[in-house]
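Student: Once you've had a glance at the structure underneath, I'll fire off some questions.
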Amino acid sequence: MNLDKKEYIDPHECEGGTKFWEVVVNQRMPQFLAYILNNYDGIWAGDRIAIVGDYDESWSGVEKCSIYELCMNQNIPEFEENFNDLNKRRNERGIKPVNKSDLFKEVSRDIIKEFNDYTQTEDCKIEPRDYEAEKEGYRY
């Protein structure tokens, strides 16, 4: 995630997991991270970058709200429910609600597309998630 631009890449989009170790051992991640930091139009070069697992409690700049909480996946159907739950928990603790403008913007697909166009090795290409297929396969 880019702490300065408030952007993040969903590790699930990169065929990885959300635990720090799952991100680090993902075979495609070293090339992908090198590309982001060196080639992605240089827009992340010089910015504060962090690898944050789903259990992270790092301060985000928003009072008592973790960076991970501000990077909720906005593509999932439960986004509104999760966002409302976050603010409900904050209310219960007497903390002001988070505004949607505080959230980090997910830029996964744009960067993955550019990375796939750039890389010359088929084995390094990243296949983004197919949310429609996942919804069809999901049974309540």
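Simple scheme: letters A, B, ... for chains in structure tokens order, numbers from 1 for residues in each chain, numbers from 1 for ligands in the order shown.
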Quick one: residues within 12 Å of Ile111 in chain A, only C-alpha atoms, excluding same-chain residues fewer than 3 positions away - as a ChimeraX atom specification?
Tutor: /A:7-10,13-14,32-33,35-37,39-44,106-108,114-118,125-128
Student: Selection from above, C-alpha atoms, as a PDB file, in the first residue's frame, can you write it?
Tutor:
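After the write, out_1.pdb holds the following:
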ATOM      1  CA  GLU A   7      -3.744   3.643  -2.585  1.00  0.00           C
ATOM      2  CA  TYR A   8      -3.437  -0.086  -2.137  1.00  0.00           C
ATOM      3  CA  ILE A   9      -3.177  -3.322  -4.031  1.00  0.00           C
ATOM      4  CA  ASP A  10      -5.406  -6.143  -2.832  1.00  0.00           C
ATOM      5  CA  GLU A  13      -5.895  -9.777  -6.772  1.00  0.00           C
ATOM      6  CA  CYS A  14      -2.252 -10.868  -7.037  1.00  0.00           C
ATOM      7  CA  PHE A  32       5.477  -7.167  -9.112  1.00  0.00           C
ATOM      8  CA  LEU A  33       6.768  -5.022  -6.244  1.00  0.00           C
ATOM      9  CA  TYR A  35       7.793  -3.108 -11.107  1.00  0.00           C
ATOM     10  CA  ILE A  36       5.559  -0.914  -8.944  1.00  0.00           C
ATOM     11  CA  LEU A  37       8.469   0.814  -7.255  1.00  0.00           C
ATOM     12  CA  ASN A  39       8.346   1.282 -13.464  1.00  0.00           C
ATOM     13  CA  TYR A  40       4.722   2.076 -12.710  1.00  0.00           C
ATOM     14  CA  ASP A  41       5.098   5.552 -14.207  1.00  0.00           C
ATOM     15  CA  GLY A  42       7.249   6.278 -11.181  1.00  0.00           C
ATOM     16  CA  ILE A  43       4.100   7.337  -9.325  1.00  0.00           C
ATOM     17  CA  TRP A  44       4.968   5.285  -6.232  1.00  0.00           C
ATOM     18  CA  GLU A 106      -7.770   0.095  -4.560  1.00  0.00           C
ATOM     19  CA  VAL A 107      -5.650   0.281  -7.730  1.00  0.00           C
ATOM     20  CA  SER A 108      -4.966  -3.439  -8.176  1.00  0.00           C
ATOM     21  CA  GLU A 114       0.154  -2.674 -16.852  1.00  0.00           C
ATOM     22  CA  PHE A 115       2.483  -5.219 -15.210  1.00  0.00           C
ATOM     23  CA  ASN A 116       1.137  -8.033 -17.413  1.00  0.00           C
ATOM     24  CA  ASP A 117       1.640  -5.894 -20.516  1.00  0.00           C
ATOM     25  CA  TYR A 118       5.203  -5.128 -19.385  1.00  0.00           C
ATOM     26  CA  LYS A 125       1.824 -12.704 -15.326  1.00  0.00           C
ATOM     27  CA  ILE A 126      -0.858 -12.254 -12.710  1.00  0.00           C
ATOM     28  CA  GLU A 127      -4.417 -13.439 -13.253  1.00  0.00           C
ATOM     29  CA  PRO A 128      -6.801 -11.011 -11.493  1.00  0.00           C
TER      30      PRO A 128
END
Student: Determine, counting only C-alpha atoms, which protein, DNA and RNA residues have an atom within 10 Å of an atom of Pro97 in chain A; residues of the same chain fewer than 2 positions away are not included. Present the result as number ranges by chain.
Tutor: A: 62-63, 65, 83-84, 86-91, 94-95, 99-100
Student: Of the candidates A:Arg129, A:Cys71, A:Asp85, A:Lys19, which one gets nearest to Lys105 in chain A if we count only C-alpha atoms?
Tutor: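 Among the listed residues, the smallest separation from Lys105 in chain A belongs to A:Cys71.
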Student: Env of Asp4 in chain A: 6 Å cut, atoms = only C-alpha atoms, seq-sep filter 2 positions within chain, self excluded. Answer as a list in words.
Tutor: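 Neighbouring residues, sequence-local ones excluded: Asn2, Lys6, Asp47 and Arg48 of chain A.
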Student: What would the file look like if the residues just selected were written as an mmCIF file, in the first residue's frame with N, CA and C atoms?
Tutor:
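The result, written out as out.cif:
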data_model
loop_
_atom_site.group_PDB
_atom_site.id
_atom_site.type_symbol
_atom_site.label_atom_id
_atom_site.label_comp_id
_atom_site.auth_asym_id
_atom_site.auth_seq_id
_atom_site.Cartn_x
_atom_site.Cartn_y
_atom_site.Cartn_z
ATOM 1 N N ASN A 2 0.337 2.281 -0.590
ATOM 2 C CA ASN A 2 1.039 3.553 -0.654
ATOM 3 C C ASN A 2 0.405 4.469 0.390
ATOM 4 N N LYS A 6 -2.565 7.124 -0.471
ATOM 5 C CA LYS A 6 -3.749 6.413 0.019
ATOM 6 C C LYS A 6 -4.287 5.463 -1.049
ATOM 7 N N ASP A 47 7.580 7.332 -2.416
ATOM 8 C CA ASP A 47 6.481 7.369 -1.454
ATOM 9 C C ASP A 47 6.709 6.340 -0.350
ATOM 10 N N ARG A 48 6.012 6.530 0.762
ATOM 11 C CA ARG A 48 6.069 5.559 1.856
ATOM 12 C C ARG A 48 5.174 4.382 1.486
#
Student: Rounded to one decimal in Å, what is the spacing between CA of His12 in chain A and CA of Asn26 in chain A?
Tutor: 10.7 Å
